[in-house]
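What follows is final_22.cif (mmCIF, C-alpha atoms).
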data_coords
#
loop_
_atom_site.label_atom_id
_atom_site.label_comp_id
_atom_site.auth_asym_id
_atom_site.auth_seq_id
_atom_site.Cartn_x
_atom_site.Cartn_y
_atom_site.Cartn_z
CA MET A 1 -5.46 -0.04 -39.76
CA PRO A 2 -6.58 0.86 -43.32
CA ALA A 3 -10.20 0.31 -44.25
CA SER A 4 -9.18 -2.01 -47.09
CA THR A 5 -7.36 -4.33 -44.66
CA LEU A 6 -10.29 -4.33 -42.28
CA GLY A 7 -12.71 -5.08 -45.07
CA SER A 8 -10.75 -8.06 -46.37
CA CYS A 9 -10.38 -9.73 -42.96
CA SER A 10 -13.78 -8.89 -41.49
CA ALA A 11 -16.34 -9.96 -44.08
CA VAL A 12 -16.56 -13.52 -42.80
CA TYR A 13 -16.85 -12.32 -39.20
CA ALA A 14 -19.77 -10.07 -40.02
CA ARG A 15 -21.79 -13.28 -40.40
CA SER A 16 -20.86 -14.45 -36.87
CA MET A 17 -21.84 -11.21 -35.16
CA GLY A 18 -24.59 -11.74 -32.64
CA GLN A 19 -23.58 -15.34 -31.93
CA PRO A 20 -22.59 -16.22 -28.33
CA LEU A 21 -18.96 -15.97 -27.23
CA VAL A 22 -18.14 -19.64 -26.56
CA ASP A 23 -14.63 -20.93 -25.98
CA ARG A 24 -13.24 -24.39 -26.82
CA PHE A 25 -14.25 -25.63 -23.35
CA ALA A 26 -17.92 -24.72 -23.99
CA ARG A 27 -17.85 -21.79 -21.56
CA VAL A 28 -20.31 -19.09 -22.63
CA HIS A 29 -19.07 -15.57 -21.83
CA ARG A 30 -21.56 -13.06 -20.46
CA ASP A 31 -19.41 -10.70 -18.37
CA LEU A 32 -17.02 -8.04 -19.66
CA ARG A 33 -14.83 -6.23 -17.13
CA ILE A 34 -13.98 -2.77 -18.47
CA SER A 35 -11.05 -0.93 -16.92
CA LEU A 36 -11.49 2.82 -17.28
CA THR A 37 -8.08 3.95 -15.99
CA ASP A 38 -4.92 2.57 -14.42
CA ARG A 39 -4.74 5.50 -11.99
CA CYS A 40 -5.95 5.36 -8.42
CA SER A 41 -6.38 7.63 -5.41
CA LEU A 42 -4.82 4.95 -3.16
CA ARG A 43 -1.55 3.00 -3.33
CA CYS A 44 -2.40 -0.40 -1.87
CA THR A 45 0.75 -2.39 -1.19
CA TYR A 46 -0.55 -5.53 -2.92
CA CYS A 47 -1.45 -3.60 -6.08
CA MET A 48 1.12 -0.93 -6.92
CA PRO A 49 4.20 0.82 -5.57
CA GLU A 50 3.83 4.19 -3.87
CA GLN A 51 6.06 5.96 -6.38
CA GLY A 52 7.64 5.28 -9.75
CA ASN A 53 4.50 3.98 -11.44
CA GLU A 54 4.62 3.90 -15.22
CA TRP A 55 1.15 5.16 -16.08
CA LEU A 56 -0.51 4.41 -19.39
CA ALA A 57 -0.10 7.20 -21.91
CA ARG A 58 -3.18 9.40 -21.84
CA GLN A 59 -3.56 9.23 -25.60
CA SER A 60 -3.83 5.44 -25.37
CA ILE A 61 -6.75 5.48 -22.92
CA LEU A 62 -10.04 4.56 -24.56
CA THR A 63 -12.48 7.41 -25.03
CA LEU A 64 -16.13 7.22 -24.08
CA ASP A 65 -17.14 6.61 -27.70
CA GLU A 66 -14.52 3.85 -28.10
CA ILE A 67 -15.70 2.09 -24.94
CA VAL A 68 -19.29 2.20 -26.17
CA GLU A 69 -18.23 0.92 -29.59
CA VAL A 70 -16.66 -2.19 -28.08
CA ALA A 71 -19.51 -2.62 -25.62
CA THR A 72 -22.12 -2.48 -28.38
CA VAL A 73 -20.49 -5.38 -30.21
CA ALA A 74 -20.02 -7.31 -26.96
CA ALA A 75 -23.69 -6.85 -26.04
CA ALA A 76 -24.72 -8.20 -29.44
CA ALA A 77 -22.51 -11.24 -28.75
CA GLY A 78 -24.29 -12.08 -25.50
CA ILE A 79 -22.55 -10.00 -22.85
CA THR A 80 -25.15 -9.10 -20.22
CA THR A 81 -22.98 -7.47 -17.53
CA PHE A 82 -20.37 -4.75 -17.76
CA ARG A 83 -18.27 -4.28 -14.63
CA LEU A 84 -16.44 -0.96 -14.53
CA THR A 85 -13.07 -1.14 -12.82
CA GLY A 86 -9.68 0.56 -12.66
CA GLY A 87 -7.45 1.64 -11.07
CA GLU A 88 -10.21 3.73 -9.62
CA PRO A 89 -13.08 4.16 -12.10
CA LEU A 90 -14.52 7.19 -10.28
CA LEU A 91 -11.43 9.17 -11.34
CA ARG A 92 -12.92 9.33 -14.85
CA THR A 93 -14.60 12.72 -15.19
CA ASP A 94 -17.05 11.20 -17.67
CA ILE A 95 -18.00 8.27 -15.43
CA VAL A 96 -21.70 9.16 -15.22
CA GLU A 97 -22.02 9.38 -18.99
CA ILE A 98 -20.13 6.09 -19.40
CA VAL A 99 -22.67 4.39 -17.13
CA ARG A 100 -25.58 6.07 -18.88
CA ARG A 101 -24.54 4.99 -22.36
CA LEU A 102 -23.63 1.44 -21.39
CA ALA A 103 -26.87 1.01 -19.46
CA ALA A 104 -28.79 1.99 -22.59
CA LEU A 105 -27.50 -1.03 -24.52
CA GLU A 106 -29.99 -3.86 -24.89
CA THR A 107 -29.41 -7.55 -24.27
CA ALA A 108 -31.38 -10.58 -25.35
CA THR A 109 -32.36 -11.21 -21.72
CA GLY A 110 -33.37 -7.71 -20.69
CA ARG A 111 -31.70 -4.74 -19.06
CA MET A 112 -27.91 -4.49 -19.25
CA GLN A 113 -26.40 -4.87 -15.79
CA ILE A 114 -23.83 -2.20 -14.93
CA ALA A 115 -21.64 -3.04 -11.95
CA MET A 116 -18.70 -1.14 -10.52
CA THR A 117 -15.75 -1.92 -8.27
CA THR A 118 -14.47 1.17 -6.47
CA ASN A 119 -12.58 2.30 -3.38
CA GLY A 120 -15.64 4.40 -2.59
CA ILE A 121 -13.88 7.69 -2.00
CA ARG A 122 -15.98 9.76 -4.45
CA LEU A 123 -19.27 7.90 -3.94
CA PRO A 124 -21.03 10.50 -1.74
CA GLU A 125 -20.45 13.03 -4.52
CA VAL A 126 -21.43 11.01 -7.58
CA LEU A 127 -23.54 8.03 -6.51
CA PRO A 128 -26.98 9.64 -6.97
CA ASP A 129 -26.09 10.53 -10.56
CA LEU A 130 -24.66 7.04 -11.17
CA VAL A 131 -27.85 5.38 -9.95
CA ASP A 132 -29.92 7.71 -12.12
CA ALA A 133 -27.70 6.83 -15.08
CA GLY A 134 -28.32 3.11 -14.64
CA LEU A 135 -25.74 1.68 -12.22
CA THR A 136 -27.18 -1.55 -10.82
CA ARG A 137 -24.50 -3.12 -8.58
CA LEU A 138 -21.61 -1.90 -6.47
CA ASN A 139 -18.51 -3.47 -4.89
CA ILE A 140 -16.43 -1.35 -2.50
CA SER A 141 -12.90 -2.29 -1.43
CA LEU A 142 -12.11 -2.13 2.30
CA ASP A 143 -9.28 -4.22 3.76
CA THR A 144 -9.23 -2.90 7.32
CA LEU A 145 -11.29 -0.89 9.80
CA ASP A 146 -8.22 0.40 11.63
CA ARG A 147 -7.13 3.90 10.56
CA ASP A 148 -3.40 3.40 11.16
CA ARG A 149 -3.47 0.04 9.42
CA PHE A 150 -5.44 1.52 6.51
CA ARG A 151 -2.89 4.30 6.14
CA ALA A 152 0.00 1.81 6.14
CA LEU A 153 -1.73 -0.50 3.67
CA THR A 154 -2.97 2.13 1.19
CA ARG A 155 -0.28 4.78 1.89
CA ARG A 156 -3.10 7.31 2.18
CA ASP A 157 -5.08 8.54 5.23
CA ARG A 158 -8.50 8.10 3.60
CA LEU A 159 -10.34 5.55 5.75
CA GLU A 160 -13.09 7.99 6.76
CA ASP A 161 -13.65 8.88 3.09
CA VAL A 162 -14.11 5.19 2.24
CA LEU A 163 -16.50 4.72 5.17
CA ASP A 164 -18.49 7.74 3.99
CA GLY A 165 -18.70 6.07 0.58
CA ILE A 166 -20.01 2.85 2.12
CA ARG A 167 -22.64 4.77 4.07
CA ALA A 168 -23.72 6.51 0.86
CA ALA A 169 -23.97 3.14 -0.89
CA GLN A 170 -26.06 1.73 1.96
CA ALA A 171 -28.45 4.68 1.72
CA SER A 172 -28.67 4.39 -2.09
CA GLY A 173 -30.64 1.16 -2.02
CA LEU A 174 -28.32 -0.56 -4.54
CA ARG A 175 -28.42 -4.26 -3.70
CA PRO A 176 -26.62 -6.51 -3.50
CA LEU A 177 -23.99 -4.24 -1.96
CA LYS A 178 -20.64 -5.99 -1.58
CA ILE A 179 -17.50 -5.08 0.35
CA ASN A 180 -14.25 -6.68 -0.80
CA ALA A 181 -11.17 -7.34 1.31
CA VAL A 182 -7.91 -9.04 0.39
CA ALA A 183 -7.03 -11.31 3.31
CA MET A 184 -3.35 -10.96 4.26
CA ARG A 185 -1.39 -12.74 6.96
CA GLY A 186 -0.08 -10.43 9.64
CA VAL A 187 -1.92 -7.49 8.10
CA ASN A 188 -5.67 -7.93 8.53
CA ASP A 189 -6.21 -11.62 9.30
CA ASP A 190 -7.18 -10.65 12.86
CA GLU A 191 -10.06 -8.51 11.50
CA LEU A 192 -12.00 -11.07 9.49
CA VAL A 193 -14.86 -11.37 11.97
CA ASP A 194 -14.95 -7.60 12.55
CA LEU A 195 -15.14 -6.93 8.81
CA VAL A 196 -18.07 -9.33 8.39
CA ALA A 197 -19.87 -7.73 11.33
CA PHE A 198 -19.27 -4.30 9.79
CA ALA A 199 -20.69 -5.45 6.45
CA VAL A 200 -23.78 -6.96 8.11
CA ALA A 201 -24.37 -3.68 9.97
CA HIS A 202 -24.34 -1.86 6.62
CA ASP A 203 -26.63 -4.37 4.85
CA ALA A 204 -23.75 -5.57 2.69
CA GLN A 205 -22.06 -8.87 1.91
CA MET A 206 -18.44 -9.17 2.98
CA ARG A 207 -16.26 -10.94 0.43
CA PHE A 208 -12.73 -12.09 1.21
CA ILE A 209 -10.27 -12.50 -1.64
CA GLU A 210 -7.18 -14.69 -1.51
CA GLN A 211 -4.14 -12.57 -2.32
CA MET A 212 -3.08 -13.25 -5.90
CA PRO A 213 0.19 -12.78 -7.85
CA LEU A 214 -0.92 -9.53 -9.48
CA ASP A 215 1.15 -6.85 -7.75
CA ALA A 216 3.12 -4.52 -10.00
CA GLY A 217 6.31 -5.21 -8.05
CA HIS A 218 6.01 -9.02 -8.45
CA THR A 219 6.60 -9.53 -4.71
CA TRP A 220 3.70 -11.97 -4.11
CA ASP A 221 4.54 -14.68 -1.61
CA ARG A 222 2.17 -17.61 -1.10
CA SER A 223 3.13 -17.79 2.58
CA THR A 224 1.55 -14.37 3.23
CA MET A 225 -1.75 -15.42 1.68
CA VAL A 226 -4.63 -16.31 3.98
CA THR A 227 -6.33 -19.32 2.42
CA ARG A 228 -10.00 -20.04 1.93
CA ASP A 229 -9.94 -22.71 4.63
CA GLU A 230 -8.30 -20.37 7.12
CA ILE A 231 -10.88 -17.68 6.42
CA LEU A 232 -13.76 -20.11 6.94
CA GLU A 233 -12.20 -21.48 10.12
CA ALA A 234 -11.97 -17.97 11.59
CA LEU A 235 -15.58 -17.13 10.68
CA ALA A 236 -16.93 -20.47 11.91
CA ALA A 237 -15.77 -19.53 15.41
CA ARG A 238 -18.39 -16.75 15.37
CA TRP A 239 -21.17 -17.89 13.02
CA ALA A 240 -22.70 -21.14 11.81
CA LEU A 241 -21.82 -21.25 8.10
CA GLU A 242 -24.24 -22.84 5.64
CA PRO A 243 -23.15 -23.15 1.97
CA VAL A 244 -25.36 -21.33 -0.53
CA PRO A 245 -26.00 -23.56 -3.58
CA GLY A 246 -26.21 -22.41 -7.18
CA ARG A 247 -22.93 -20.56 -7.55
CA GLY A 248 -22.89 -20.75 -11.33
CA GLY A 249 -20.15 -18.62 -12.85
CA ALA A 250 -19.83 -16.30 -9.84
CA PRO A 251 -16.28 -15.93 -8.52
CA ALA A 252 -17.33 -16.07 -4.86
CA GLU A 253 -18.54 -19.08 -2.92
CA GLN A 254 -21.18 -17.95 -0.45
CA TRP A 255 -22.23 -19.05 3.03
CA ARG A 256 -25.26 -18.01 5.08
CA LEU A 257 -24.45 -16.64 8.51
CA ASP A 258 -26.47 -18.33 11.27
CA GLY A 259 -29.11 -19.37 8.74
CA GLY A 260 -29.37 -15.97 7.02
CA PRO A 261 -30.43 -13.61 5.69
CA HIS A 262 -26.86 -12.28 5.64
CA THR A 263 -24.10 -14.04 3.73
CA VAL A 264 -20.34 -13.96 3.36
CA GLY A 265 -18.34 -14.75 0.23
CA VAL A 266 -14.85 -16.10 -0.40
CA ILE A 267 -13.02 -15.76 -3.71
CA ALA A 268 -10.37 -18.47 -3.59
CA SER A 269 -8.65 -18.03 -6.93
CA VAL A 270 -5.46 -19.70 -5.70
CA THR A 271 -6.48 -22.63 -3.48
CA ALA A 272 -9.91 -23.40 -4.98
CA PRO A 273 -9.93 -22.02 -8.54
CA PHE A 274 -13.25 -21.78 -10.36
CA CYS A 275 -11.91 -21.57 -13.91
CA GLY A 276 -14.22 -24.30 -15.20
CA ALA A 277 -17.24 -21.99 -14.87
CA CYS A 278 -15.55 -18.72 -15.83
CA ASP A 279 -17.70 -16.49 -18.02
CA ARG A 280 -15.55 -13.33 -17.88
CA MET A 281 -13.26 -11.44 -20.20
CA ARG A 282 -11.52 -8.10 -19.75
CA LEU A 283 -10.90 -4.88 -21.60
CA THR A 284 -8.00 -2.79 -20.33
CA ALA A 285 -8.08 0.99 -20.25
CA ASP A 286 -5.77 1.10 -23.28
CA GLY A 287 -7.88 -1.18 -25.44
CA GLN A 288 -6.38 -4.62 -24.86
CA LEU A 289 -8.67 -7.63 -24.57
CA ARG A 290 -7.70 -10.31 -22.05
CA ASN A 291 -9.41 -13.70 -21.68
CA CYS A 292 -8.09 -14.30 -18.15
CA LEU A 293 -6.95 -12.19 -15.24
CA PHE A 294 -3.64 -14.08 -15.30
CA SER A 295 -3.17 -14.19 -19.07
CA ILE A 296 0.14 -13.10 -20.55
CA ASP A 297 -1.49 -12.59 -23.95
CA GLU A 298 -3.51 -9.56 -25.01
CA TYR A 299 -5.55 -8.74 -28.12
CA ASP A 300 -5.19 -5.15 -29.30
CA LEU A 301 -8.36 -3.29 -30.28
CA LEU A 302 -6.88 0.18 -30.44
CA PRO A 303 -5.81 0.06 -34.12
CA VAL A 304 -9.29 -1.12 -35.05
CA LEU A 305 -11.10 1.54 -33.06
CA ARG A 306 -8.90 4.32 -34.42
CA SER A 307 -8.94 3.23 -38.06
CA ASP A 308 -10.68 5.21 -40.80
CA ALA A 309 -12.93 2.26 -41.65
CA SER A 310 -16.71 2.50 -41.61
CA THR A 311 -18.65 1.82 -38.44
CA GLU A 312 -19.83 -1.50 -39.87
CA LEU A 313 -16.33 -2.68 -40.77
CA ARG A 314 -14.96 -1.68 -37.38
CA ALA A 315 -17.78 -3.55 -35.64
CA ALA A 316 -17.04 -6.70 -37.62
CA GLU A 317 -13.36 -6.43 -36.76
CA VAL A 318 -14.06 -5.86 -33.07
CA ASP A 319 -16.23 -8.98 -33.17
CA ARG A 320 -13.38 -10.91 -34.81
CA VAL A 321 -10.91 -9.88 -32.11
CA LEU A 322 -13.41 -10.74 -29.35
CA ARG A 323 -13.81 -14.24 -30.80
CA ASN A 324 -10.07 -14.74 -31.30
CA CYS A 325 -9.53 -13.72 -27.70
CA ILE A 326 -12.09 -16.23 -26.44
CA ALA A 327 -10.74 -18.95 -28.74
CA GLY A 328 -7.34 -18.55 -27.10
CA LYS A 329 -8.62 -18.97 -23.56
CA LYS A 330 -7.00 -21.78 -21.58
CA ALA A 331 -8.70 -24.25 -19.28
CA GLY A 332 -7.36 -22.49 -16.18
CA HIS A 333 -4.88 -19.96 -14.85
CA ALA A 334 -2.24 -22.57 -13.83
CA ILE A 335 -0.94 -20.65 -10.81
CA ASP A 336 0.25 -23.94 -9.32
CA ASP A 337 2.15 -25.01 -12.42
CA PRO A 338 5.97 -24.76 -12.14
CA GLY A 339 6.03 -22.76 -15.38
CA PHE A 340 3.48 -20.16 -14.27
CA LEU A 341 4.43 -16.62 -15.26
CA GLN A 342 2.92 -13.64 -13.47
CA PRO A 343 1.37 -11.11 -15.87
CA ALA A 344 3.67 -8.18 -16.65
CA ARG A 345 0.91 -5.71 -15.79
CA GLY A 346 -0.14 -5.05 -12.24
CA MET A 347 -3.76 -5.31 -11.14
CA ASN A 348 -4.31 -1.57 -11.52
CA ALA A 349 -3.42 -1.79 -15.23
CA ILE A 350 -5.35 -5.02 -15.91
CA GLY A 351 -8.52 -4.00 -14.11
CA GLY A 352 -10.07 -5.50 -10.97
#

Encoded form (structure tokens):
Amino acid sequence: MPASTLGSCSAVYARSMGQPLVDRFARVHRDLRISLTDRCSLRCTYCMPEQGNEWLARQSILTLDEIVEVATVAAAAGITTFRLTGGEPLLRTDIVEIVRRLAALETATGRMQIAMTTNGIRLPEVLPDLVDAGLTRLNISLDTLDRDRFRALTRRDRLEDVLDGIRAAQASGLRPLKINAVAMRGVNDDELVDLVAFAVAHDAQMRFIEQMPLDAGHTWDRSTMVTRDEILEALAARWALEPVPGRGGAPAEQWRLDGGPHTVGVIASVTAPFCGACDRMRLTADGQLRNCLFSIDEYDLLPVLRSDASTELRAAEVDRVLRNCIAGKKAGHAIDDPGFLQPARGMNAIGG
């Protein structure tokens, strides 16, 4: 995009920079999910096919400097948390420097929070450096404790590597430490209690996620989804569950187990959506802004970031695109509407 074009369309937006990102439903946005890559070391059946994936072109993947450029504008507009996702974010060779530079950004409320969602496979190798760089929170994906089941689900024999990553996270002192599992009928619904017990033993919070229509193959079937109520019914047979108040914009409802201190979370995007309090937006690895996980619209930042305009003009234009993205956000994801369309991208390309 030529500098002259940027200058003509960005001058008015330079005056709005630093104002909060508020949509037409008065939701203030404070969380930006940043996907660093669409590639992954696993091939989970609910996320991507084992073979035949159409990966993003390497030249379209945002560089470290481009990520920081967007993040700097977002921080000025009130974003206080960056969550690094993928694919698998630890596949980025520059992951430590990404964390370091994002953690250095200031917010109006204090230290920038840097969270990460990972499969945990590289954590023993890189976690000390990530903590030193400024990582503050960690979510690790683990859908089963059974090796054969893990291999069938992820198409890789890497369960022990994931468990090593969880042990490294436990030893790191990062808290809260969260373990995520997608609950699936006939796959791992008989392990719900075992997974919570495992999380408690590792000083972590187990969080169960309803399976969502975000697989690359578009094979999602509501009948295979274990619902929020079914999850709670299974857990209530083992623990007394006490709701934790004050959820705010968090995606997970939480319950204390036998009065605490340990808790369990359920993210019920399908049967109990929480869109009314959503404060999140997303940046894909190839520079597309999304205002909802299920959105079919994207807002392209790549031409802006790779223009020959000045730093100031690019910042104003990034701010403009951020605000246009938020202005286009709908009241909810409408999964239950007859006209619902599943996003063309799979979860690995959108970012977890």

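Considering only C-alpha atoms, the residue among A:Leu322, A:Leu305, A:Ala168, A:Ile114 positioned nearest to A:Asn291 is A:Leu322.
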
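The residue that comes closest to A:Met206, out of A:Cys44, A:Leu163, A:Leu257, A:Ile95 and on the basis of all atoms listed in the file, is A:Leu257.
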
Any chance you could work out the residue set of the PyMOL selection byres ((chain A and resi 208) around 12) here, as a compact mmCIF listing (two decimals) with C-alpha atoms, keeping the file's coordinate frame?
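Writing done, so here's part07.txt:
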# COMPACT_ATOMS: atom_id res chain seq x y z
CA ILE A 140 -16.43 -1.35 -2.50
CA SER A 141 -12.90 -2.29 -1.43
CA LEU A 142 -12.11 -2.13 2.30
CA ASP A 143 -9.28 -4.22 3.76
CA THR A 144 -9.23 -2.90 7.32
CA LYS A 178 -20.64 -5.99 -1.58
CA ILE A 179 -17.50 -5.08 0.35
CA ASN A 180 -14.25 -6.68 -0.80
CA ALA A 181 -11.17 -7.34 1.31
CA VAL A 182 -7.91 -9.04 0.39
CA ALA A 183 -7.03 -11.31 3.31
CA MET A 184 -3.35 -10.96 4.26
CA ASN A 188 -5.67 -7.93 8.53
CA ASP A 189 -6.21 -11.62 9.30
CA GLU A 191 -10.06 -8.51 11.50
CA LEU A 192 -12.00 -11.07 9.49
CA VAL A 193 -14.86 -11.37 11.97
CA LEU A 195 -15.14 -6.93 8.81
CA VAL A 196 -18.07 -9.33 8.39
CA ALA A 199 -20.69 -5.45 6.45
CA GLN A 205 -22.06 -8.87 1.91
CA MET A 206 -18.44 -9.17 2.98
CA ARG A 207 -16.26 -10.94 0.43
CA ILE A 209 -10.27 -12.50 -1.64
CA GLU A 210 -7.18 -14.69 -1.51
CA GLN A 211 -4.14 -12.57 -2.32
CA MET A 225 -1.75 -15.42 1.68
CA VAL A 226 -4.63 -16.31 3.98
CA THR A 227 -6.33 -19.32 2.42
CA ARG A 228 -10.00 -20.04 1.93
CA ASP A 229 -9.94 -22.71 4.63
CA GLU A 230 -8.30 -20.37 7.12
CA ILE A 231 -10.88 -17.68 6.42
CA LEU A 232 -13.76 -20.11 6.94
CA ALA A 234 -11.97 -17.97 11.59
CA LEU A 235 -15.58 -17.13 10.68
CA PRO A 251 -16.28 -15.93 -8.52
CA ALA A 252 -17.33 -16.07 -4.86
CA GLU A 253 -18.54 -19.08 -2.92
CA GLN A 254 -21.18 -17.95 -0.45
CA TRP A 255 -22.23 -19.05 3.03
CA THR A 263 -24.10 -14.04 3.73
CA VAL A 264 -20.34 -13.96 3.36
CA GLY A 265 -18.34 -14.75 0.23
CA VAL A 266 -14.85 -16.10 -0.40
CA ILE A 267 -13.02 -15.76 -3.71
CA ALA A 268 -10.37 -18.47 -3.59
CA SER A 269 -8.65 -18.03 -6.93

(Q) Translate the PyMOL selection byres ((chain A and resi 259) around 12) into a concrete residue list for this structure, as a PyMOL selection string. (A) chain A and resi 239-244+255-258+260-264

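With distances restricted to only C-alpha atoms, A:Pro303 is the closest residue to A:Glu317 from A:Met281, A:Pro303, A:Asp203, A:Arg155.
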